[in-house]
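Participant: This is the structure I want to talk about, given as structure tokens.
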There are 2 protein chains.
Amino acid sequence: MKEPNSTIRILLICIALLMPVGAMAGEAASMTVTSNTSDILPSWNDCQAKTAILDYVAAVTNDSSPSYVPPEERIAVFDMDGTLCCEQPSPFMLLFMQDRVRDLAPMHPEWNSEEPFVSILSGEILTESNYSIQEIFKVYAATSTNMTVDEYSALVRSWINSIHPRFGRPYSECVYQPMLDLLDYLRSNDFKNYIVTGSGVDFVRAFSESTYGIPPEQVIGSSWEYKFVESNDTSSISMLPNIWNYDNGPTKPTSIQLFIGRRPILAYGNSDGDIEMLEFATDGNPEAIGLLNNHNDAAREYIYDEGALNSSEMAPQSGWHLVSMKDDWKWIFPFEMNRA
Amino acid sequence: MKEPNSTIRILLICIALLMPVGAMAGEAASMTVTSNTSDILPSWNDCQAKTAILDYVAAVTNDSSPSYVPPEERIAVFDMDGTLCCEQPSPFMLLFMQDRVRDLAPMHPEWNSEEPFVSILSGEILTESNYSIQEIFKVYAATSTNMTVDEYSALVRSWINSIHPRFGRPYSECVYQPMLDLLDYLRSNDFKNYIVTGSGVDFVRAFSESTYGIPPEQVIGSSWEYKFVESNDTSSISMLPNIWNYDNGPTKPTSIQLFIGRRPILAYGNSDGDIEMLEFATDGNPEAIGLLNNHNDAAREYIYDEGALNSSEMAPQSGWHLVSMKDDWKWIFPFEMNRA
């Protein structure tokens, strides 16, 4: 009988002692929160957009607020190219395809007399302004299909470590630190972050988890037809050269419906291709917030508004926040922080 | 100086005392697990399939096991009709469409001379054996499109409470209690459960959370074309009468790839339409498990093997577990438990 008694005694002492410890821990925790307020979104300068984000998150996560949104409905959607990462001199996927053309050229002598391969091999950068969407699909089919998804993903994972021509850093680091901060902040407030991109879904999934902390099932993108292939020991998914869904403009909200089945409450883009996605989130929904990056920093990134004139013009009347990358962001890339 | 010192002293005492408390808590926890073993999958009788499931979950969740699978990769996929819920006299969605034909008939006098409407209105049940897939798509287009997803969902949510002709209970209760137990058990072991169904994605999403605890973004199904529609105050997604993806057979693994981007480690079906999904999960993957319900209980549910002959035949050689609904399940429906 002695054993239980002494255990009970120890337990009672512990319970008594745990109470003040619990109280102290509570104080420490709340002190941490208070002292860390300035550490929320640390790569953002104090600005209208940052204040709007903080106020918005405070409202939708406060269960006594009329704007409260339960955690399972906190869906945030992000465009990728130009929103989460640098899209100059061209989006990652096009640069990958361009490098694939060069790698594969020795096996394709016919490309020396066939457009758009001739131009690409002559050094012209593969961009959406230099080439038609049909030409881009043609290059995609020639460089990125007729292999399994696993084989393709391995190629992309290797490529993402190659070096950006201007910044001299791997593409995986040419992503916007303020956006990484925002993804973290939303995650810590029980948001589910999705990428909704015109780039290929398999392309982005190859690095979405390691680069953005976004798992593959939270990536929605353009897709090509798949084929299920059985073999002796294992089965696989093969990528066919036929486009299935080009995820841009009005297709973004329909893809969100198809993949998620919920209306987002936060949408973030940077171009006219994101207009409908922002409308889907914010039209008639006072709980929702829409944001757009404005590429206006030639010194640290690029300055351009091609393909973003309509979205910028719509922003004020739609209540969307235009984020000045020049003024609102302390750093643009993670590697700038290391230099600071 | 006294204040910190006394705090540190209290802390040190607490740390010293917490160690045995922690050990005791650990013992208590493991005792709980042991005493609750019989409560895992309570609607399952002790049987080969239940043992296989428990052994499988123990292996993939034990981080010192060679079969360990990290939580984010624990993807489980379930067919719906006949796997999670009763599909007799016909799958839920077809019964819904049949009821819609009757409701809408007064507004469609032309249906009195147009097949398949004539037959449906004469009382013939809308099943996949009585009607061709083209006829079913035609009925779908006529009863379930040209409205917004929100309008359609509201119709389904209302219908799901209507009464099953044999069991006299709402369709929402004509779901398999042992499968609800399994979904719970997997969830508590950090699995992410997906429905992968030939039924419409919007149909199933209307009740997947309330019925199965599966959120809309974890439902993959057949889909029809959407259209993004802007209006004055709010925007919406409209359902068009054109089939986009019929999610059955070899399309199940390609849909899983498109929506999830990961290979499942558990696949559960009940018919030949699930073969490729089970192959995708289990081929060459020793960590994976495949299961199939065998509808062999005429007294409590239905007895049939139409459309399941190939999958049953493949089960032994593929290492898939055939679950005898008659012998392996204590109860089939939740309402049987209340009677017990």
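Identifiers in the structure tokens: chain A, B, ... in order shown; residue index from 1 per chain; ligand index from 1 in order shown.
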Considering only C-alpha atoms, extract the chain A residues located within 6 Å of chain B and return them as a PDB file with N, CA and C atoms, in the first residue's frame.

Facilitator:
ATOM      1  N   PRO A 216       1.863  18.737 -52.384  1.00  0.00           N
ATOM      2  CA  PRO A 216       1.399  18.558 -53.768  1.00  0.00           C
ATOM      3  C   PRO A 216      -0.109  18.654 -53.916  1.00  0.00           C
ATOM      4  N   GLU A 217      -0.867  18.152 -52.940  1.00  0.00           N
ATOM      5  CA  GLU A 217      -2.328  18.160 -53.078  1.00  0.00           C
ATOM      6  C   GLU A 217      -2.894  19.569 -52.945  1.00  0.00           C
ATOM      7  N   TYR A 226      -3.067  12.372 -68.830  1.00  0.00           N
ATOM      8  CA  TYR A 226      -2.302  11.283 -68.232  1.00  0.00           C
ATOM      9  C   TYR A 226      -2.776   9.959 -68.815  1.00  0.00           C
ATOM     10  N   ASP A 233       5.772  -5.109 -62.420  1.00  0.00           N
ATOM     11  CA  ASP A 233       5.899  -4.992 -60.972  1.00  0.00           C
ATOM     12  C   ASP A 233       5.198  -3.783 -60.391  1.00  0.00           C
ATOM     13  N   THR A 234       5.204  -2.709 -61.155  1.00  0.00           N
ATOM     14  CA  THR A 234       4.615  -1.505 -60.609  1.00  0.00           C
ATOM     15  C   THR A 234       3.833  -0.802 -61.702  1.00  0.00           C
ATOM     16  N   SER A 235       2.962   0.058 -61.308  1.00  0.00           N
ATOM     17  CA  SER A 235       2.196   0.803 -62.297  1.00  0.00           C
ATOM     18  C   SER A 235       2.614   2.261 -62.202  1.00  0.00           C
ATOM     19  N   THR A 254     -12.793  28.137 -61.969  1.00  0.00           N
ATOM     20  CA  THR A 254     -13.430  26.832 -62.187  1.00  0.00           C
ATOM     21  C   THR A 254     -12.509  25.708 -61.708  1.00  0.00           C
ATOM     22  N   ILE A 260     -11.047  22.150 -55.076  1.00  0.00           N
ATOM     23  CA  ILE A 260     -11.245  22.437 -53.646  1.00  0.00           C
ATOM     24  C   ILE A 260     -12.721  22.338 -53.271  1.00  0.00           C
ATOM     25  N   GLY A 261     -13.586  22.854 -54.154  1.00  0.00           N
ATOM     26  CA  GLY A 261     -15.014  22.821 -53.830  1.00  0.00           C
ATOM     27  C   GLY A 261     -15.415  23.831 -52.771  1.00  0.00           C
ATOM     28  N   PHE A 280     -13.650  35.808 -57.793  1.00  0.00           N
ATOM     29  CA  PHE A 280     -14.327  34.654 -57.197  1.00  0.00           C
ATOM     30  C   PHE A 280     -14.229  34.703 -55.668  1.00  0.00           C
ATOM     31  N   ASP A 283     -15.833  38.942 -54.612  1.00  0.00           N
ATOM     32  CA  ASP A 283     -17.134  39.496 -55.022  1.00  0.00           C
ATOM     33  C   ASP A 283     -18.221  39.114 -54.018  1.00  0.00           C
ATOM     34  N   GLY A 284     -18.838  40.115 -53.426  1.00  0.00           N
ATOM     35  CA  GLY A 284     -19.953  39.859 -52.521  1.00  0.00           C
ATOM     36  C   GLY A 284     -19.567  39.141 -51.248  1.00  0.00           C
TER      37      GLY A 284
END

Participant: Which polymer residues have any atom within 12 Å of an atom of A:Pro165, counting only C-alpha atoms, with same-chain residues fewer than 2 positions away left out, as an MDAnalysis selection string?

Facilitator: chainID A and resid 86 88:90 92 95 125 162:163 167:171 174

Participant: Determine, using only C-alpha atoms, which residues of stretch 125-234 of chain B have any atom at most 9 Å from an atom of stretch 328-333 of chain B, and tabulate each with its shortest atom pair and distance in Å to one decimal place, rows ordered by chain and then rising number, as JSON lines.

Facilitator:
{"residue": "B:Glu173", "atom": "CA", "partner": "B:Phe333", "partner_atom": "CA", "distance": 7.1}
{"residue": "B:Cys174", "atom": "CA", "partner": "B:Phe333", "partner_atom": "CA", "distance": 6.1}
{"residue": "B:Val175", "atom": "CA", "partner": "B:Phe333", "partner_atom": "CA", "distance": 6.0}
{"residue": "B:Tyr176", "atom": "CA", "partner": "B:Phe333", "partner_atom": "CA", "distance": 5.0}
{"residue": "B:Gln177", "atom": "CA", "partner": "B:Phe333", "partner_atom": "CA", "distance": 5.2}
{"residue": "B:Pro178", "atom": "CA", "partner": "B:Trp329", "partner_atom": "CA", "distance": 6.6}
{"residue": "B:Met179", "atom": "CA", "partner": "B:Ile332", "partner_atom": "CA", "distance": 8.9}

Participant: Write the residues of the preceding selection, restricted to all heavy atoms, as a PDB file, in the first residue's frame.

Facilitator:
ATOM      1  N   GLU B 173     -28.208   7.848 -43.826  1.00  0.00           N
ATOM      2  CA  GLU B 173     -27.923   6.810 -42.821  1.00  0.00           C
ATOM      3  C   GLU B 173     -27.661   5.449 -43.460  1.00  0.00           C
ATOM      4  O   GLU B 173     -27.319   4.495 -42.759  1.00  0.00           O
ATOM      5  CB  GLU B 173     -29.097   6.696 -41.837  1.00  0.00           C
ATOM      6  CG  GLU B 173     -29.297   7.950 -41.008  1.00  0.00           C
ATOM      7  CD  GLU B 173     -30.463   7.799 -40.028  1.00  0.00           C
ATOM      8  OE1 GLU B 173     -30.833   6.647 -39.705  1.00  0.00           O
ATOM      9  OE2 GLU B 173     -31.005   8.833 -39.603  1.00  0.00           O
ATOM     10  N   CYS B 174     -27.858   5.370 -44.772  1.00  0.00           N
ATOM     11  CA  CYS B 174     -27.637   4.087 -45.454  1.00  0.00           C
ATOM     12  C   CYS B 174     -26.171   3.964 -45.867  1.00  0.00           C
ATOM     13  O   CYS B 174     -25.847   3.653 -47.014  1.00  0.00           O
ATOM     14  CB  CYS B 174     -28.587   3.942 -46.635  1.00  0.00           C
ATOM     15  SG  CYS B 174     -30.308   3.901 -46.102  1.00  0.00           S
ATOM     16  N   VAL B 175     -25.304   4.260 -44.911  1.00  0.00           N
ATOM     17  CA  VAL B 175     -23.858   4.184 -45.108  1.00  0.00           C
ATOM     18  C   VAL B 175     -23.337   3.115 -44.143  1.00  0.00           C
ATOM     19  O   VAL B 175     -23.979   2.810 -43.141  1.00  0.00           O
ATOM     20  CB  VAL B 175     -23.196   5.555 -44.826  1.00  0.00           C
ATOM     21  CG1 VAL B 175     -23.677   6.578 -45.856  1.00  0.00           C
ATOM     22  CG2 VAL B 175     -23.489   6.044 -43.418  1.00  0.00           C
ATOM     23  N   TYR B 176     -22.189   2.545 -44.480  1.00  0.00           N
ATOM     24  CA  TYR B 176     -21.705   1.383 -43.734  1.00  0.00           C
ATOM     25  C   TYR B 176     -20.976   1.808 -42.454  1.00  0.00           C
ATOM     26  O   TYR B 176     -19.922   2.453 -42.522  1.00  0.00           O
ATOM     27  CB  TYR B 176     -20.790   0.542 -44.613  1.00  0.00           C
ATOM     28  CG  TYR B 176     -21.424   0.103 -45.922  1.00  0.00           C
ATOM     29  CD1 TYR B 176     -20.686   0.088 -47.104  1.00  0.00           C
ATOM     30  CD2 TYR B 176     -22.757  -0.304 -45.986  1.00  0.00           C
ATOM     31  CE1 TYR B 176     -21.257  -0.316 -48.300  1.00  0.00           C
ATOM     32  CE2 TYR B 176     -23.337  -0.707 -47.179  1.00  0.00           C
ATOM     33  CZ  TYR B 176     -22.577  -0.704 -48.340  1.00  0.00           C
ATOM     34  OH  TYR B 176     -23.137  -1.104 -49.531  1.00  0.00           O
ATOM     35  N   GLN B 177     -21.513   1.421 -41.321  1.00  0.00           N
ATOM     36  CA  GLN B 177     -20.899   1.770 -40.044  1.00  0.00           C
ATOM     37  C   GLN B 177     -19.443   1.279 -39.948  1.00  0.00           C
ATOM     38  O   GLN B 177     -18.579   2.027 -39.477  1.00  0.00           O
ATOM     39  CB  GLN B 177     -21.742   1.207 -38.891  1.00  0.00           C
ATOM     40  CG  GLN B 177     -21.246   1.595 -37.509  1.00  0.00           C
ATOM     41  CD  GLN B 177     -21.233   3.097 -37.281  1.00  0.00           C
ATOM     42  OE1 GLN B 177     -22.159   3.810 -37.683  1.00  0.00           O
ATOM     43  NE2 GLN B 177     -20.174   3.603 -36.668  1.00  0.00           N
ATOM     44  N   PRO B 178     -19.126   0.070 -40.415  1.00  0.00           N
ATOM     45  CA  PRO B 178     -17.716  -0.365 -40.334  1.00  0.00           C
ATOM     46  C   PRO B 178     -16.787   0.533 -41.153  1.00  0.00           C
ATOM     47  O   PRO B 178     -15.618   0.712 -40.794  1.00  0.00           O
ATOM     48  CB  PRO B 178     -17.755  -1.787 -40.911  1.00  0.00           C
ATOM     49  CG  PRO B 178     -19.170  -2.245 -40.694  1.00  0.00           C
ATOM     50  CD  PRO B 178     -20.016  -1.023 -40.874  1.00  0.00           C
ATOM     51  N   MET B 179     -17.297   1.112 -42.227  1.00  0.00           N
ATOM     52  CA  MET B 179     -16.463   2.013 -43.018  1.00  0.00           C
ATOM     53  C   MET B 179     -16.302   3.354 -42.293  1.00  0.00           C
ATOM     54  O   MET B 179     -15.231   3.966 -42.340  1.00  0.00           O
ATOM     55  CB  MET B 179     -17.062   2.218 -44.412  1.00  0.00           C
ATOM     56  CG  MET B 179     -17.143   0.940 -45.235  1.00  0.00           C
ATOM     57  SD  MET B 179     -15.549   0.062 -45.424  1.00  0.00           S
ATOM     58  CE  MET B 179     -14.632   1.211 -46.434  1.00  0.00           C
TER      59      MET B 179
END

Participant: Taking the DSSP assignment computed from this structure's backbone, write out as a VMD selection string all residues of stretch 194-227 of chain A that belong to alpha helix (DSSP H).

Facilitator: chain A and resid 201 to 212

Participant: Write out as a ChimeraX atom specification which residues come within 8 Å of stretch 287-295 of chain B when counting only C-alpha atoms, dropping same-chain ones fewer than 3 positions away.

Facilitator: /B:56,60,67-69,82-83,264-271,278,281-282,301-305,312,319-326

Participant: For the residues in the current selection, export N, CA, C and O atoms as a compact mmCIF listing (two decimals), in the first residue's frame.

Facilitator:
# COMPACT_ATOMS: atom_id res chain seq x y z
N TYR B 56 -1.33 -3.43 -40.49
CA TYR B 56 -0.88 -2.46 -41.50
C TYR B 56 -0.71 -1.08 -40.88
O TYR B 56 0.34 -0.43 -41.03
N VAL B 60 2.83 1.10 -40.60
CA VAL B 60 3.14 2.36 -41.31
C VAL B 60 3.23 3.56 -40.36
O VAL B 60 3.79 4.59 -40.74
N SER B 67 8.49 -0.26 -42.64
CA SER B 67 7.32 0.11 -43.44
C SER B 67 6.79 1.50 -43.08
O SER B 67 5.74 1.91 -43.57
N TYR B 68 7.51 2.21 -42.22
CA TYR B 68 7.01 3.52 -41.76
C TYR B 68 6.75 4.46 -42.93
O TYR B 68 7.53 4.55 -43.87
N VAL B 69 5.63 5.16 -42.84
CA VAL B 69 5.27 6.16 -43.85
C VAL B 69 4.99 7.47 -43.11
O VAL B 69 4.16 7.50 -42.19
N GLY B 82 -21.26 1.45 -52.86
CA GLY B 82 -20.99 0.04 -52.58
C GLY B 82 -19.78 -0.15 -51.69
O GLY B 82 -19.53 -1.25 -51.20
N THR B 83 -19.00 0.90 -51.49
CA THR B 83 -17.83 0.82 -50.61
C THR B 83 -18.11 1.54 -49.29
O THR B 83 -17.90 0.99 -48.21
N PRO B 264 -1.45 6.70 -53.39
CA PRO B 264 -2.07 6.31 -52.12
C PRO B 264 -1.38 5.08 -51.53
O PRO B 264 -0.76 4.30 -52.26
N ILE B 265 -1.50 4.90 -50.22
CA ILE B 265 -0.96 3.69 -49.59
C ILE B 265 -2.09 2.80 -49.08
O ILE B 265 -1.84 1.74 -48.53
N LEU B 266 -3.33 3.25 -49.24
CA LEU B 266 -4.48 2.40 -48.93
C LEU B 266 -5.55 2.68 -49.98
O LEU B 266 -5.85 3.85 -50.25
N ALA B 267 -6.07 1.62 -50.58
CA ALA B 267 -7.15 1.80 -51.56
C ALA B 267 -8.23 0.78 -51.24
O ALA B 267 -7.95 -0.39 -50.97
N TYR B 268 -9.50 1.25 -51.26
CA TYR B 268 -10.61 0.40 -50.84
C TYR B 268 -11.75 0.60 -51.83
O TYR B 268 -12.21 1.71 -52.05
N GLY B 269 -12.18 -0.52 -52.45
CA GLY B 269 -13.26 -0.44 -53.42
C GLY B 269 -14.22 -1.59 -53.27
O GLY B 269 -14.25 -2.26 -52.23
N ASN B 270 -15.01 -1.82 -54.30
CA ASN B 270 -15.92 -2.97 -54.27
C ASN B 270 -16.26 -3.51 -55.65
O ASN B 270 -17.10 -4.40 -55.75
N SER B 271 -15.58 -3.00 -56.69
CA SER B 271 -16.00 -3.46 -58.02
C SER B 271 -14.86 -3.37 -59.02
O SER B 271 -13.78 -2.84 -58.72
N LEU B 278 -6.77 0.31 -57.11
CA LEU B 278 -6.08 -0.58 -56.19
C LEU B 278 -4.69 -0.94 -56.72
O LEU B 278 -3.73 -0.99 -55.95
N ALA B 281 -2.23 1.89 -56.08
CA ALA B 281 -1.77 1.96 -54.69
C ALA B 281 -0.82 0.82 -54.35
O ALA B 281 0.21 1.03 -53.69
N THR B 282 -1.13 -0.40 -54.80
CA THR B 282 -0.44 -1.56 -54.24
C THR B 282 0.66 -2.14 -55.13
O THR B 282 1.57 -2.79 -54.61
N GLU B 301 -28.19 -6.53 -46.17
CA GLU B 301 -27.99 -5.55 -47.25
C GLU B 301 -28.43 -6.18 -48.57
O GLU B 301 -29.62 -6.45 -48.74
N TYR B 302 -27.53 -6.50 -49.46
CA TYR B 302 -27.88 -7.12 -50.75
C TYR B 302 -26.81 -8.14 -51.07
O TYR B 302 -25.69 -8.07 -50.56
N ILE B 303 -27.16 -9.08 -51.92
CA ILE B 303 -26.15 -10.02 -52.41
C ILE B 303 -26.04 -9.82 -53.92
O ILE B 303 -27.03 -9.88 -54.64
N TYR B 304 -24.83 -9.50 -54.38
CA TYR B 304 -24.61 -9.33 -55.83
C TYR B 304 -23.11 -9.33 -56.11
O TYR B 304 -22.31 -8.92 -55.27
N ASP B 305 -22.76 -9.81 -57.29
CA ASP B 305 -21.36 -9.74 -57.71
C ASP B 305 -21.24 -9.22 -59.14
O ASP B 305 -20.15 -9.24 -59.72
N SER B 312 -12.76 -9.47 -57.75
CA SER B 312 -12.73 -10.57 -56.78
C SER B 312 -11.72 -11.63 -57.21
O SER B 312 -11.00 -12.17 -56.37
N GLY B 319 -2.91 -9.76 -53.55
CA GLY B 319 -2.75 -9.51 -52.12
C GLY B 319 -3.81 -8.58 -51.56
O GLY B 319 -3.64 -8.00 -50.49
N TRP B 320 -4.92 -8.40 -52.27
CA TRP B 320 -6.00 -7.55 -51.77
C TRP B 320 -6.90 -8.37 -50.84
O TRP B 320 -7.11 -9.57 -51.06
N HIS B 321 -7.43 -7.70 -49.85
CA HIS B 321 -8.27 -8.38 -48.87
C HIS B 321 -9.73 -8.27 -49.27
O HIS B 321 -10.24 -7.17 -49.48
N LEU B 322 -10.39 -9.42 -49.36
CA LEU B 322 -11.83 -9.43 -49.65
C LEU B 322 -12.57 -9.40 -48.32
O LEU B 322 -12.42 -10.31 -47.49
N VAL B 323 -13.34 -8.36 -48.12
CA VAL B 323 -14.07 -8.21 -46.87
C VAL B 323 -15.48 -8.78 -47.05
O VAL B 323 -16.25 -8.32 -47.90
N SER B 324 -15.79 -9.79 -46.26
CA SER B 324 -17.12 -10.39 -46.30
C SER B 324 -18.06 -9.54 -45.45
O SER B 324 -17.96 -9.51 -44.22
N MET B 325 -18.97 -8.85 -46.10
CA MET B 325 -19.87 -7.98 -45.33
C MET B 325 -20.74 -8.81 -44.39
O MET B 325 -21.13 -8.34 -43.33
N LYS B 326 -21.01 -10.03 -44.78
CA LYS B 326 -21.85 -10.92 -43.96
C LYS B 326 -21.11 -11.39 -42.70
O LYS B 326 -21.65 -11.33 -41.60

Participant: Which residues are close to B:Phe207, i.e. within 8 Å by only C-alpha atoms, leaving aside same-chain residues fewer than 6 positions away? Reply as number ranges by chain.

Facilitator: B: 156-157, 160, 172

Participant: Since we have the selection now, will you write its residues out, keeping N, CA, C and O atoms, as a PDB file, in the first residue's frame?

Facilitator:
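Output (again23.pdb):
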ATOM      1  N   VAL B 156     -29.172  18.647 -53.514  1.00  0.00           N
ATOM      2  CA  VAL B 156     -28.651  17.345 -53.069  1.00  0.00           C
ATOM      3  C   VAL B 156     -28.765  17.218 -51.550  1.00  0.00           C
ATOM      4  O   VAL B 156     -29.175  16.176 -51.030  1.00  0.00           O
ATOM      5  N   ARG B 157     -28.415  18.296 -50.850  1.00  0.00           N
ATOM      6  CA  ARG B 157     -28.468  18.255 -49.381  1.00  0.00           C
ATOM      7  C   ARG B 157     -29.890  18.021 -48.888  1.00  0.00           C
ATOM      8  O   ARG B 157     -30.104  17.406 -47.843  1.00  0.00           O
ATOM      9  N   ILE B 160     -30.762  14.138 -49.796  1.00  0.00           N
ATOM     10  CA  ILE B 160     -30.064  13.085 -49.047  1.00  0.00           C
ATOM     11  C   ILE B 160     -30.844  12.671 -47.791  1.00  0.00           C
ATOM     12  O   ILE B 160     -30.628  11.606 -47.227  1.00  0.00           O
ATOM     13  N   SER B 172     -28.778   9.339 -46.029  1.00  0.00           N
ATOM     14  CA  SER B 172     -27.584   9.724 -45.269  1.00  0.00           C
ATOM     15  C   SER B 172     -27.241   8.702 -44.185  1.00  0.00           C
ATOM     16  O   SER B 172     -26.111   8.675 -43.693  1.00  0.00           O
TER      17      SER B 172
END

Participant: Quick check, in Å to one decimal: how far apart do atom CA of A:Tyr152 and atom CA of A:Glu128 lie?

Facilitator: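 According to the coordinates, atom CA of A:Tyr152 and atom CA of A:Glu128 are separated by 22.2 Å.
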
Participant: Rounded to one decimal, what separation in Å do you get between atom CA of A:Val118 and atom CA of A:Ala141?

Facilitator: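 Between atom CA of A:Val118 and atom CA of A:Ala141 the gap works out to 16.1 Å.
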
Participant: Please measure the separation of atom CA of B:Arg74 and atom CA of B:Asp181, giving the value in Å to one decimal.

Facilitator: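 Straight-line distance from atom CA of B:Arg74 to atom CA of B:Asp181 works out to 17.2 Å.
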
Participant: Tell me which of A:Pro116, A:Arg187, A:Ser199, A:Asn130 sits closest to A:Glu87, counting only C-alpha atoms.

Facilitator: A:Ser199
